[in-house]
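**Student:** Pasting query_25.pdb here (PDB, C-alpha atoms):
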```
MODEL        1
ATOM      1  CA  ARG A   1    -202.357-118.291 154.721
ATOM      2  CA  SER A   2    -204.430-119.659 151.867
ATOM      3  CA  GLY A   3    -204.528-123.264 153.078
ATOM      4  CA  VAL A   4    -203.307-124.601 149.731
ATOM      5  CA  ILE A   5    -200.562-126.437 151.596
ATOM      6  CA  ALA A   6    -200.415-127.655 155.205
ATOM      7  CA  LYS A   7    -198.378-125.718 157.776
ATOM      8  CA  GLU A   8    -195.745-128.452 157.928
ATOM      9  CA  GLN A   9    -195.296-128.420 154.134
ATOM     10  CA  THR A  10    -192.986-126.212 152.065
ATOM     11  CA  VAL A  11    -193.551-124.223 148.867
ATOM     12  CA  GLU A  12    -192.133-127.132 146.885
ATOM     13  CA  ASP A  13    -195.139-129.211 147.988
ATOM     14  CA  ALA A  14    -197.634-126.840 146.385
ATOM     15  CA  PRO A  15    -199.382-127.900 143.152
ATOM     16  CA  LYS A  16    -197.561-126.515 140.127
ATOM     17  CA  GLU A  17    -200.606-124.635 138.816
ATOM     18  CA  ALA A  18    -201.221-122.979 142.193
ATOM     19  CA  LEU A  19    -197.554-122.060 142.545
ATOM     20  CA  THR A  20    -197.411-120.522 139.072
ATOM     21  CA  ALA A  21    -200.569-118.470 139.702
ATOM     22  CA  ALA A  22    -199.300-117.377 143.133
ATOM     23  CA  GLN A  23    -196.026-116.216 141.600
ATOM     24  CA  LYS A  24    -197.906-114.154 139.000
ATOM     25  CA  ILE A  25    -200.075-112.620 141.738
ATOM     26  CA  ASN A  26    -196.961-111.750 143.726
ATOM     27  CA  GLU A  27    -195.463-110.114 140.639
ATOM     28  CA  MET A  28    -198.618-108.084 139.992
ATOM     29  CA  PHE A  29    -198.671-106.932 143.626
ATOM     30  CA  GLY A  30    -194.956-106.154 143.609
ATOM     31  CA  GLY A  31    -194.543-108.198 146.776
ATOM     32  CA  LEU A  32    -196.831-105.881 148.778
ATOM     33  CA  ALA A  33    -197.514-107.805 151.982
ATOM     34  CA  VAL A  34    -201.025-106.512 152.737
ATOM     35  CA  ALA A  35    -202.184-107.297 149.192
ATOM     36  CA  LEU A  36    -200.751-110.807 149.336
ATOM     37  CA  GLU A  37    -202.436-111.303 152.714
ATOM     38  CA  GLN A  38    -205.759-110.347 151.161
ATOM     39  CA  ALA A  39    -205.220-112.752 148.268
ATOM     40  CA  GLY A  40    -204.437-115.609 150.633
ATOM     41  CA  ALA A  41    -207.458-114.802 152.795
ATOM     42  CA  TYR A  42    -209.750-114.699 149.764
ATOM     43  CA  VAL A  43    -208.584-118.118 148.595
ATOM     44  CA  GLU A  44    -208.939-119.524 152.126
ATOM     45  CA  GLU A  45    -212.394-118.092 152.772
ATOM     46  CA  THR A  46    -214.012-118.749 149.392
ATOM     47  CA  GLY A  47    -212.319-121.995 148.426
ATOM     48  CA  ALA A  48    -211.304-120.432 145.122
ATOM     49  CA  SER A  49    -208.003-121.379 143.520
ATOM     50  CA  PHE A  50    -205.095-119.029 143.007
ATOM     51  CA  SER A  51    -205.717-119.361 139.284
ATOM     52  CA  ASN A  52    -209.280-118.171 139.792
ATOM     53  CA  TYR A  53    -208.127-115.245 141.961
ATOM     54  CA  LEU A  54    -205.584-114.298 139.305
ATOM     55  CA  LYS A  55    -208.300-114.296 136.639
ATOM     56  CA  LEU A  56    -210.508-112.061 138.806
ATOM     57  CA  LEU A  57    -207.578-109.750 139.456
ATOM     58  CA  GLU A  58    -206.926-109.400 135.732
ATOM     59  CA  THR A  59    -210.575-108.833 134.781
ATOM     60  CA  ASP A  60    -212.012-106.833 137.714
ATOM     61  CA  SER A  61    -209.167-105.607 139.906
ATOM     62  CA  LYS A  62    -211.140-102.683 141.348
ATOM     63  CA  LYS A  63    -213.800-105.005 142.784
ATOM     64  CA  ILE A  64    -211.473-107.721 144.025
ATOM     65  CA  LEU A  65    -209.165-105.249 145.785
ATOM     66  CA  SER A  66    -212.145-103.646 147.550
ATOM     67  CA  LEU A  67    -213.306-106.894 149.174
ATOM     68  CA  LYS A  68    -213.107-107.404 152.915
ATOM     69  CA  GLY A  69    -213.122-110.887 154.359
ATOM     70  CA  GLU A  70    -214.624-112.350 157.497
ATOM     71  CA  THR A  71    -211.510-113.877 159.032
ATOM     72  CA  GLN A  72    -208.870-111.409 157.884
ATOM     73  CA  THR A  73    -206.752-109.837 160.609
ATOM     74  CA  TYR A  74    -207.002-106.370 159.087
ATOM     75  CA  THR A  75    -210.127-104.225 158.846
ATOM     76  CA  LYS A  76    -209.462-102.359 155.600
ATOM     77  CA  ALA A  77    -209.321-103.733 152.091
ATOM     78  CA  VAL A  78    -206.242-102.961 150.014
ATOM     79  CA  ALA A  79    -208.093-100.339 147.996
ATOM     80  CA  ASP A  80    -209.336 -98.651 151.179
ATOM     81  CA  MET A  81    -205.807 -98.456 152.549
ATOM     82  CA  PHE A  82    -204.430 -96.582 149.541
ATOM     83  CA  GLN A  83    -207.470 -94.343 149.171
ATOM     84  CA  LEU A  84    -207.540 -93.396 152.846
ATOM     85  CA  SER A  85    -203.843 -92.539 152.726
ATOM     86  CA  LEU A  86    -204.399 -90.273 149.714
ATOM     87  CA  GLU A  87    -207.308 -88.520 151.448
ATOM     88  CA  LYS A  88    -205.108 -87.826 154.470
ATOM     89  CA  VAL A  89    -202.412 -86.369 152.223
ATOM     90  CA  ASP A  90    -205.012 -84.221 150.433
ATOM     91  CA  GLU A  91    -206.317 -82.839 153.730
ATOM     92  CA  LYS A  92    -202.820 -81.797 154.777
ATOM     93  CA  ASN A  93    -201.355 -80.675 151.454
ATOM     94  CA  SER A  94    -203.381 -80.583 148.222
ATOM     95  CA  ALA A  95    -200.238 -80.043 146.134
ATOM     96  CA  ALA A  96    -198.783 -83.308 147.465
ATOM     97  CA  ALA A  97    -201.988 -85.140 146.568
ATOM     98  CA  GLU A  98    -201.814 -83.686 143.049
ATOM     99  CA  LEU A  99    -198.245 -84.925 142.704
ATOM    100  CA  ILE A 100    -199.326 -88.433 143.698
ATOM    101  CA  ARG A 101    -202.233 -88.447 141.236
ATOM    102  CA  LEU A 102    -199.977 -87.341 138.397
ATOM    103  CA  CYS A 103    -197.479 -90.075 139.259
ATOM    104  CA  CYS A 104    -200.242 -92.648 138.776
ATOM    105  CA  PHE A 105    -200.025 -92.075 135.017
ATOM    106  CA  LEU A 106    -196.241 -92.196 134.748
ATOM    107  CA  ASP A 107    -193.615 -94.919 135.052
ATOM    108  CA  SER A 108    -193.908 -96.649 138.413
ATOM    109  CA  ASP A 109    -190.175 -97.175 138.945
ATOM    110  CA  SER A 110    -188.536 -93.896 137.971
ATOM    111  CA  ILE A 111    -190.268 -90.526 137.669
ATOM    112  CA  PRO A 112    -187.699 -87.694 137.467
ATOM    113  CA  ASP A 113    -188.727 -84.803 139.711
ATOM    114  CA  PHE A 114    -187.366 -82.241 137.252
ATOM    115  CA  ILE A 115    -190.236 -82.870 134.817
ATOM    116  CA  PHE A 116    -192.625 -81.288 137.308
ATOM    117  CA  ARG A 117    -190.382 -78.290 137.758
ATOM    118  CA  LYS A 118    -189.817 -77.809 134.024
ATOM    119  CA  GLY A 119    -193.463 -78.485 133.188
ATOM    120  CA  SER A 120    -194.968 -76.391 135.978
ATOM    121  CA  GLU A 121    -197.227 -74.315 133.711
ATOM    122  CA  ASN A 122    -199.696 -77.202 133.524
ATOM    123  CA  LEU A 123    -199.919 -77.757 137.277
ATOM    124  CA  GLU A 124    -202.614 -76.542 139.670
ATOM    125  CA  ASP A 125    -201.792 -73.302 141.494
ATOM    126  CA  GLU A 126    -200.517 -74.822 144.754
ATOM    127  CA  LEU A 127    -198.180 -77.316 143.133
ATOM    128  CA  ALA A 128    -197.097 -74.790 140.492
ATOM    129  CA  LYS A 129    -196.032 -72.406 143.259
ATOM    130  CA  ALA A 130    -194.274 -75.136 145.212
ATOM    131  CA  VAL A 131    -192.041 -76.277 142.356
ATOM    132  CA  GLU A 132    -190.631 -72.745 142.101
ATOM    133  CA  ASP A 133    -189.358 -72.771 145.686
ATOM    134  CA  ASP A 134    -186.992 -75.447 147.020
ATOM    135  CA  ILE A 135    -188.326 -75.292 150.577
ATOM    136  CA  GLU A 136    -191.964 -75.531 149.496
ATOM    137  CA  TRP A 137    -191.127 -78.309 147.032
ATOM    138  CA  ASN A 138    -189.402 -80.340 149.736
ATOM    139  CA  GLU A 139    -192.459 -79.861 151.963
ATOM    140  CA  VAL A 140    -194.722 -81.156 149.188
ATOM    141  CA  VAL A 141    -192.486 -84.183 148.720
ATOM    142  CA  ARG A 142    -192.368 -84.799 152.481
ATOM    143  CA  GLU A 143    -196.161 -84.919 152.662
ATOM    144  CA  ALA A 144    -196.473 -86.986 149.472
ATOM    145  CA  THR A 145    -194.121 -89.632 150.859
ATOM    146  CA  ARG A 146    -195.555 -89.630 154.393
ATOM    147  CA  PHE A 147    -197.757 -92.702 153.878
ATOM    148  CA  SER A 148    -195.388 -94.383 151.410
ATOM    149  CA  LEU A 149    -197.740 -93.894 148.463
ATOM    150  CA  ILE A 150    -194.698 -92.622 146.628
ATOM    151  CA  GLU A 151    -191.032 -92.825 147.584
ATOM    152  CA  ARG A 152    -188.263 -90.371 146.816
ATOM    153  CA  ASN A 153    -184.873 -91.558 145.635
ATOM    154  CA  THR A 154    -182.653 -88.687 146.693
ATOM    155  CA  ASP A 155    -179.619 -89.963 144.768
ATOM    156  CA  LYS A 156    -181.438 -90.037 141.435
ATOM    157  CA  GLU A 157    -183.826 -87.176 142.257
ATOM    158  CA  SER A 158    -186.748 -89.279 141.160
ATOM    159  CA  PHE A 159    -189.876 -90.878 142.551
ATOM    160  CA  ARG A 160    -191.224 -94.385 142.506
ATOM    161  CA  ILE A 161    -194.783 -95.482 143.219
ATOM    162  CA  HIS A 162    -196.112 -98.966 143.771
ATOM    163  CA  ARG A 163    -197.988-100.258 140.721
ATOM    164  CA  LEU A 164    -200.874-101.366 142.900
ATOM    165  CA  ALA A 165    -201.166 -97.895 144.442
ATOM    166  CA  GLN A 166    -201.257 -96.438 140.940
ATOM    167  CA  GLN A 167    -204.030 -98.791 139.912
ATOM    168  CA  VAL A 168    -206.195 -98.248 142.995
ATOM    169  CA  ILE A 169    -205.881 -94.454 142.898
ATOM    170  CA  ARG A 170    -206.634 -94.359 139.160
ATOM    171  CA  ASP A 171    -209.689 -96.571 139.682
ATOM    172  CA  ASN A 172    -211.072 -94.129 142.240
ATOM    173  CA  LEU A 173    -210.556 -90.920 140.274
ATOM    174  CA  GLU A 174    -213.775 -89.289 139.087
ATOM    175  CA  LYS A 175    -212.124 -88.100 135.873
ATOM    176  CA  PRO A 176    -208.989 -90.174 135.254
ATOM    177  CA  GLU A 177    -208.665 -88.723 131.758
ATOM    178  CA  LYS A 178    -208.200 -85.257 133.317
ATOM    179  CA  TRP A 179    -205.200 -86.438 135.311
ATOM    180  CA  ALA A 180    -203.808 -88.426 132.400
ATOM    181  CA  ARG A 181    -203.964 -85.279 130.271
ATOM    182  CA  LYS A 182    -202.238 -83.188 132.947
ATOM    183  CA  ALA A 183    -199.493 -85.807 133.292
ATOM    184  CA  ALA A 184    -199.048 -85.847 129.501
ATOM    185  CA  GLU A 185    -198.762 -82.057 129.442
ATOM    186  CA  VAL A 186    -196.204 -82.072 132.252
ATOM    187  CA  LEU A 187    -194.234 -84.700 130.353
ATOM    188  CA  SER A 188    -194.431 -82.685 127.137
ATOM    189  CA  ASN A 189    -193.101 -79.499 128.725
ATOM    190  CA  GLY A 190    -190.681 -81.272 131.032
ATOM    191  CA  PHE A 191    -188.806 -83.373 128.445
ATOM    192  CA  PRO A 192    -185.296 -81.882 128.031
ATOM    193  CA  ASP A 193    -184.058 -80.893 124.579
ATOM    194  CA  PRO A 194    -182.620 -84.133 123.108
ATOM    195  CA  ASN A 195    -180.529 -82.154 120.616
ATOM    196  CA  GLU A 196    -178.287 -81.003 123.464
ATOM    197  CA  PHE A 197    -175.729 -83.680 124.317
ATOM    198  CA  GLU A 198    -175.568 -82.614 127.960
ATOM    199  CA  ASN A 199    -179.275 -83.476 128.273
ATOM    200  CA  TRP A 200    -178.952 -87.070 127.148
ATOM    201  CA  SER A 201    -178.689 -88.512 130.650
ATOM    202  CA  LEU A 202    -181.846 -86.594 131.597
ATOM    203  CA  CYS A 203    -183.660 -87.738 128.461
ATOM    204  CA  GLU A 204    -182.861 -91.324 129.325
ATOM    205  CA  LYS A 205    -184.546 -90.882 132.715
ATOM    206  CA  VAL A 206    -187.697 -89.467 131.135
ATOM    207  CA  LEU A 207    -187.991 -92.098 128.388
ATOM    208  CA  PRO A 208    -189.766 -94.827 130.444
ATOM    209  CA  ASN A 209    -192.451 -92.286 131.303
ATOM    210  CA  VAL A 210    -193.093 -91.628 127.611
ATOM    211  CA  HIS A 211    -193.545 -95.372 127.154
ATOM    212  CA  SER A 212    -196.109 -95.375 129.973
ATOM    213  CA  MET A 213    -197.926 -92.391 128.522
ATOM    214  CA  LEU A 214    -198.511 -94.178 125.199
ATOM    215  CA  ASN A 215    -201.102 -96.332 126.922
ATOM    216  CA  TRP A 216    -203.062 -93.399 128.364
ATOM    217  CA  ILE A 217    -202.930 -91.377 125.165
ATOM    218  CA  ASP A 218    -204.620 -94.245 123.346
ATOM    219  CA  LYS A 219    -206.999 -95.278 126.122
ATOM    220  CA  PHE A 220    -208.463 -91.805 126.666
ATOM    221  CA  ASP A 221    -207.889 -90.483 123.146
ATOM    222  CA  LEU A 222    -206.130 -87.472 124.665
ATOM    223  CA  GLU A 223    -205.574 -84.303 122.686
ATOM    224  CA  VAL A 224    -202.211 -82.956 123.831
ATOM    225  CA  PRO A 225    -199.128 -81.574 122.062
ATOM    226  CA  GLY A 226    -196.808 -84.252 120.691
ATOM    227  CA  ARG A 227    -193.571 -82.707 121.967
ATOM    228  CA  ALA A 228    -192.716 -85.492 124.448
ATOM    229  CA  PHE A 229    -193.001 -88.127 121.733
ATOM    230  CA  ALA A 230    -191.041 -86.035 119.237
ATOM    231  CA  CYS A 231    -188.250 -85.590 121.803
ATOM    232  CA  ALA A 232    -188.283 -89.296 122.617
ATOM    233  CA  GLY A 233    -188.113 -90.028 118.878
ATOM    234  CA  PHE A 234    -185.067 -87.794 118.422
ATOM    235  CA  PHE A 235    -183.341 -89.366 121.419
ATOM    236  CA  GLN A 236    -183.945 -92.930 120.204
ATOM    237  CA  TYR A 237    -182.957 -92.036 116.640
ATOM    238  CA  ASP A 238    -179.662 -90.580 117.861
ATOM    239  CA  HIS A 239    -179.052 -93.830 119.746
ATOM    240  CA  GLY A 240    -179.809 -96.069 116.778
ATOM    241  CA  VAL A 241    -183.175 -97.323 118.037
ATOM    242  CA  TYR A 242    -184.859 -96.556 114.723
ATOM    243  CA  VAL A 243    -188.004 -98.686 114.979
ATOM    244  CA  GLU A 244    -189.006 -97.138 118.281
ATOM    245  CA  ALA A 245    -188.028 -93.685 117.056
ATOM    246  CA  GLU A 246    -190.480 -94.094 114.162
ATOM    247  CA  ILE A 247    -193.259 -95.119 116.571
ATOM    248  CA  PHE A 248    -192.667 -91.995 118.648
ATOM    249  CA  PHE A 249    -192.472 -89.722 115.583
ATOM    250  CA  LYS A 250    -195.769 -91.101 114.249
ATOM    251  CA  LYS A 251    -197.461 -90.579 117.598
ATOM    252  CA  ALA A 252    -196.122 -87.002 117.736
ATOM    253  CA  LEU A 253    -197.543 -86.359 114.257
ATOM    254  CA  ASP A 254    -200.985 -87.720 115.170
ATOM    255  CA  LEU A 255    -201.116 -85.665 118.367
ATOM    256  CA  ASN A 256    -199.942 -82.444 116.750
ATOM    257  CA  ARG A 257    -202.482 -82.794 113.932
ATOM    258  CA  SER A 258    -205.270 -83.293 116.434
ATOM    259  CA  PHE A 259    -204.151 -80.580 118.832
ATOM    260  CA  PHE A 260    -202.880 -77.825 116.502
ATOM    261  CA  GLY A 261    -204.499 -78.515 113.138
ATOM    262  CA  GLU A 262    -202.993 -79.533 109.800
ATOM    263  CA  GLU A 263    -201.433 -76.141 108.988
ATOM    264  CA  HIS A 264    -199.417 -75.759 112.179
ATOM    265  CA  LEU A 265    -195.616 -75.608 112.106
ATOM    266  CA  ASP A 266    -195.315 -78.510 114.566
ATOM    267  CA  VAL A 267    -197.237 -80.716 112.142
ATOM    268  CA  ALA A 268    -194.841 -79.822 109.329
ATOM    269  CA  SER A 269    -191.922 -80.552 111.660
ATOM    270  CA  SER A 270    -193.425 -83.918 112.590
ATOM    271  CA  LEU A 271    -193.814 -84.839 108.932
ATOM    272  CA  ASP A 272    -190.209 -83.852 108.306
ATOM    273  CA  ASN A 273    -189.051 -86.121 111.144
ATOM    274  CA  LEU A 274    -190.597 -89.080 109.351
TER     275      LEU A 274
ENDMDL
END
```
When written as structure tokens, how does the structure in this file appear?

**Tutor:**
Amino acid sequence: RSGVIAKEQTVEDAPKEALTAAQKINEMFGGLAVALEQAGAYVEETGASFSNYLKLLETDSKKILSLKGETQTYTKAVADMFQLSLEKVDEKNSAAAELIRLCCFLDSDSIPDFIFRKGSENLEDELAKAVEDDIEWNEVVREATRFSLIERNTDKESFRIHRLAQQVIRDNLEKPEKWARKAAEVLSNGFPDPNEFENWSLCEKVLPNVHSMLNWIDKFDLEVPGRAFACAGFFQYDHGVYVEAEIFFKKALDLNRSFFGEEHLDVASSLDNL
């Protein structure tokens, strides 16, 4: 589509630099066809290189994903597509839209659904009610997955969301720090007790989401309880991953000091963990 190579040529005929940049773009887009189509159209219409498009994507993704070309066969930019889908979900079921927004601050590949049910006290009323009832919860999930913004893996009872969808939705939130905080609170309350052996398989499913949350805690300087990081620290310590356990324990201490104050029991516990 981009015109970098002629129609009769193969990928092997592409310049090495262009091929490398195109592969990185494909990786960032997770192979999403409509996003790759936009990238190819942008390169074709502007005469820019794939390397230049990659640089723009890394430095100003919100702007580049909102562009609409003159010769593209679709009428909506990538960002419009995701945002319009979320608006349609919100009109039909606000709890489903809340679920999607929360997922934008968690691991893109595996978000266990039980963290929402265990951490329901931090959810908005509609979603909080839904997680208490299996039929209502399944209805929320049905609406949330209608436009493929998130997908449900029924075998693992988890969700996945495309990284690009996460990025676009986050970029269009009026107060992204609000949703990051809510996701952190859900994660804190939803992390199973790592001291119970029967919970270890569940803890392992939650762990990637704690990794993801580290970024948002630091970016927005969130003040939330440190329980999720303390639990992750215990789990990693029990599995011999001591360096990472220390990172989690230190983060739990910092959060508990900020949230509870120096004299709180959770702060003393965090110090003891170190």

**Student:** Under the PyMOL selection byres ((chain A and resi 80-85) around 8), which residues of this model are included? Write them out as a list of chain:residue names.

**Tutor:**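 Selected by the PyMOL selection byres ((chain A and resi 80-85) around 8) in this file: A:Ser66, A:Lys76, A:Ala77, A:Val78, A:Ala79, A:Leu86, A:Glu87, A:Lys88, A:Val89, A:Phe147, A:Leu149, A:Ala165, A:Val168, A:Ile169, A:Asn172.
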
**Student:** Between A:Ala245, A:Leu106, A:Leu36, A:Leu253, which residue has the minimum interatomic distance to Leu214 of chain A, considering all atoms listed in the file?

**Tutor:**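 Using all atoms listed in the file, Leu214 of chain A sits closest to A:Leu106.
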
**Student:** Given the choices A:Val241, A:Val224, A:Ala230, A:Ile115, which gets closest to Asn189 of chain A if the distance is worked out from only C-alpha atoms?

**Tutor:**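 Smallest distance to Asn189 of chain A is found for A:Ile115.
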
**Student:** Could you spell out the hits of the PyMOL selection byres ((chain A and resi 173-185) around 6) on the shown file, as a PyMOL selection string?

**Tutor:** chain A and resi 102+105+170-172+186-188+220

**Student:** Might you spell out which residues the PyMOL selection byres ((chain A and resi 97) around 10) would select in the displayed file, as a PyMOL selection string?

**Tutor:** chain A and resi 85-96+98-103+127+140-141+143-144+149
